[in-house]
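What's in input.cif: mmCIF, C-alpha atoms
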data_structure
#
loop_
_atom_site.label_atom_id
_atom_site.label_comp_id
_atom_site.auth_asym_id
_atom_site.auth_seq_id
_atom_site.Cartn_x
_atom_site.Cartn_y
_atom_site.Cartn_z
CA MET A 1 -6.33 -8.82 0.45
CA PRO A 2 -5.46 -6.06 2.95
CA TYR A 3 -6.26 -6.51 6.62
CA ASN A 4 -6.85 -10.23 6.23
CA SER A 5 -5.76 -10.76 9.81
CA VAL A 6 -5.23 -8.85 13.01
CA GLY A 7 -1.46 -9.18 12.52
CA ASP A 8 -1.53 -7.56 9.08
CA TYR A 9 -3.71 -4.75 10.39
CA MET A 10 -1.27 -4.15 13.24
CA ILE A 11 1.76 -4.07 10.93
CA ASN A 12 0.08 -1.53 8.66
CA ASN A 13 -0.96 0.66 11.59
CA ARG A 14 2.48 0.46 13.16
CA LEU A 15 4.17 1.55 9.95
CA ARG A 16 1.81 4.49 9.59
CA ASP A 17 2.08 5.46 13.27
CA LEU A 18 5.89 5.30 13.28
CA ARG A 19 5.98 7.52 10.20
CA THR A 20 3.44 10.08 11.39
CA ASP A 21 4.98 10.26 14.89
CA LYS A 22 8.10 11.63 13.18
CA ASP A 23 6.03 13.96 10.96
CA LEU A 24 7.25 12.20 7.83
CA LYS A 25 5.45 11.72 4.55
CA GLN A 26 5.32 8.46 2.65
CA LYS A 27 7.54 10.17 0.06
CA ASP A 28 10.26 10.62 2.72
CA LEU A 29 10.29 6.92 3.55
CA ALA A 30 10.17 5.96 -0.11
CA GLU A 31 13.29 8.05 -0.76
CA TYR A 32 15.06 6.44 2.21
CA LEU A 33 14.11 2.96 0.99
CA LYS A 34 14.85 3.82 -2.65
CA CYS A 35 11.39 2.83 -3.82
CA SER A 36 8.41 4.72 -5.17
CA GLN A 37 5.88 6.42 -2.93
CA VAL A 38 3.26 4.08 -4.39
CA ALA A 39 5.30 1.01 -3.38
CA TYR A 40 5.70 2.35 0.15
CA SER A 41 2.00 3.18 0.31
CA HIS A 42 1.25 -0.44 -0.58
CA TYR A 43 3.30 -1.59 2.43
CA GLU A 44 1.25 0.65 4.74
CA LEU A 45 -2.04 -0.42 3.18
CA GLY A 46 -1.17 -4.12 3.29
CA LYS A 47 -1.43 -4.45 -0.47
CA ARG A 48 2.16 -5.65 -0.72
CA ASP A 49 4.21 -7.84 1.63
CA ILE A 50 7.19 -6.07 3.15
CA PRO A 51 10.45 -7.65 1.95
CA THR A 52 12.83 -8.67 4.73
CA ASP A 53 15.48 -6.12 3.72
CA VAL A 54 12.88 -3.33 3.81
CA LEU A 55 11.60 -4.49 7.20
CA VAL A 56 15.14 -4.44 8.62
CA ALA A 57 15.82 -1.01 7.09
CA LEU A 58 12.63 0.38 8.65
CA ALA A 59 13.49 -1.05 12.06
CA LYS A 60 16.93 0.58 11.89
CA PHE A 61 15.48 3.87 10.65
CA TYR A 62 12.99 4.02 13.53
CA ASN A 63 15.43 2.57 16.09
CA THR A 64 13.03 -0.21 16.95
CA THR A 65 12.84 -3.93 16.31
CA THR A 66 11.36 -5.95 13.50
CA ASP A 67 9.34 -7.73 16.20
CA TYR A 68 7.69 -4.42 17.12
CA ILE A 69 6.83 -3.63 13.51
CA LEU A 70 5.48 -7.16 13.01
CA GLY A 71 3.31 -6.90 16.13
CA LEU A 72 5.13 -9.64 18.03
CA THR A 73 5.89 -7.28 20.91
CA ASN A 74 4.53 -3.98 22.19
CA ASP A 75 7.99 -2.89 23.36
CA ILE A 76 9.06 -0.23 20.87
CA SER A 77 12.59 0.09 22.26
CA PRO A 78 15.30 -2.32 21.11
CA LYS A 79 17.01 -4.30 23.85
CA LYS A 80 20.54 -3.23 24.64
#
Please rewrite the model in this file as structure tokens.
Amino acid sequence: MPYNSVGDYMINNRLRDLRTDKDLKQKDLAEYLKCSQVAYSHYELGKRDIPTDVLVALAKFYNTTTDYILGLTNDISPKK
């Protein structure tokens, strides 16, 4: 069930916001992740859990941390 908790809602919003801030379409991320646009859409909508390898790939793509995507921190920048 999508948006079953505040954390899930935050993850979904963060994925969408990161993508739209870079003026990307879901199709662009799906190509990068080598999945279908529908599969990526399900990550953003909370209909499908994000596999760890996909989460790590997204964090690297956006130059952020998995903690930021997961809503565990509001600091978007990775620590150096």
*List the residues sitting within 12 Å of (6.3, -7.2, 3.5) in the file's frame, using all atoms listed in the file, as a ChimeraX atom specification.*
/A:2,8,11-12,15,39-58,66,69-70
*If you measure from atom CA of Tyr68 of chain A to atom CA of Lys25 of chain A, what distance in Å do you get, rounded to one decimal?*
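If I compute the distance from atom CA of Tyr68 of chain A to atom CA of Lys25 of chain A, I get 20.6 Å.
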_Sel. within 7 Å of pt (13.7, 4.1, 19.5), counting all atoms listed in the file, output as a list in words_ = Tyr62, Asn63, Thr64, Ile76, Ser77 and Pro78 of chain A
*For atom CA of Lys79 of chain A and atom CA of Lys27 of chain A, the interatomic separation in Å (one decimal)*: 29.4 Å
Axis-aligned box for segment 71-80 of chain A, 4 Å per side, centre and edges in Å as lines of an AutoDock Vina configuration file:
center_x = 11.9
center_y = -4.8
center_z = 20.4
size_x = 25.2
size_y = 17.7
size_z = 16.5
*Just give me the gap between atom CA of Gln26 of chain A and atom CA of Ala59 of chain A in Å, one decimal is fine.*
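Here the two named atoms are 15.7 Å from each other.
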Mind rebuilding segment 23-45 of chain A with N, CA and C atoms and writing that out as a compact mmCIF listing (two decimals), in the coordinates of the input?
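Result written to selection-v6.txt:
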# COMPACT_ATOMS: atom_id res chain seq x y z
N ASP A 23 6.49 12.95 11.92
CA ASP A 23 6.03 13.96 10.96
C ASP A 23 6.65 13.77 9.58
N LEU A 24 6.70 12.52 9.15
CA LEU A 24 7.25 12.20 7.83
C LEU A 24 6.12 11.88 6.86
N LYS A 25 6.39 12.09 5.61
CA LYS A 25 5.45 11.72 4.55
C LYS A 25 5.89 10.39 3.95
N GLN A 26 4.97 9.72 3.31
CA GLN A 26 5.32 8.46 2.65
C GLN A 26 6.47 8.67 1.67
N LYS A 27 6.48 9.82 1.01
CA LYS A 27 7.54 10.17 0.06
C LYS A 27 8.91 10.13 0.74
N ASP A 28 8.99 10.61 1.98
CA ASP A 28 10.26 10.62 2.72
C ASP A 28 10.78 9.20 2.93
N LEU A 29 9.89 8.31 3.33
CA LEU A 29 10.29 6.92 3.55
C LEU A 29 10.64 6.24 2.24
N ALA A 30 9.89 6.54 1.20
CA ALA A 30 10.17 5.96 -0.11
C ALA A 30 11.57 6.36 -0.58
N GLU A 31 11.94 7.61 -0.38
CA GLU A 31 13.29 8.05 -0.76
C GLU A 31 14.34 7.30 0.04
N TYR A 32 14.12 7.16 1.35
CA TYR A 32 15.06 6.44 2.21
C TYR A 32 15.21 4.98 1.75
N LEU A 33 14.10 4.37 1.39
CA LEU A 33 14.11 2.96 0.99
C LEU A 33 14.44 2.77 -0.49
N LYS A 34 14.56 3.87 -1.21
CA LYS A 34 14.85 3.82 -2.65
C LYS A 34 13.77 3.04 -3.42
N CYS A 35 12.53 3.41 -3.11
CA CYS A 35 11.39 2.83 -3.82
C CYS A 35 10.43 3.97 -4.13
N SER A 36 9.39 3.68 -4.86
CA SER A 36 8.41 4.72 -5.17
C SER A 36 7.49 4.96 -3.98
N GLN A 37 6.85 6.11 -3.98
CA GLN A 37 5.88 6.42 -2.93
C GLN A 37 4.72 5.43 -3.01
N VAL A 38 4.35 5.04 -4.20
CA VAL A 38 3.26 4.08 -4.39
C VAL A 38 3.63 2.73 -3.75
N ALA A 39 4.86 2.28 -3.98
CA ALA A 39 5.30 1.01 -3.38
C ALA A 39 5.25 1.10 -1.86
N TYR A 40 5.74 2.21 -1.30
CA TYR A 40 5.70 2.35 0.15
C TYR A 40 4.26 2.40 0.66
N SER A 41 3.41 3.10 -0.06
CA SER A 41 2.00 3.18 0.31
C SER A 41 1.39 1.78 0.37
N HIS A 42 1.77 0.93 -0.57
CA HIS A 42 1.25 -0.44 -0.58
C HIS A 42 1.69 -1.23 0.65
N TYR A 43 2.88 -0.94 1.18
CA TYR A 43 3.30 -1.59 2.43
C TYR A 43 2.37 -1.16 3.57
N GLU A 44 2.11 0.14 3.66
CA GLU A 44 1.25 0.65 4.74
C GLU A 44 -0.19 0.16 4.61
N LEU A 45 -0.66 0.01 3.41
CA LEU A 45 -2.04 -0.42 3.18
C LEU A 45 -2.21 -1.94 3.21
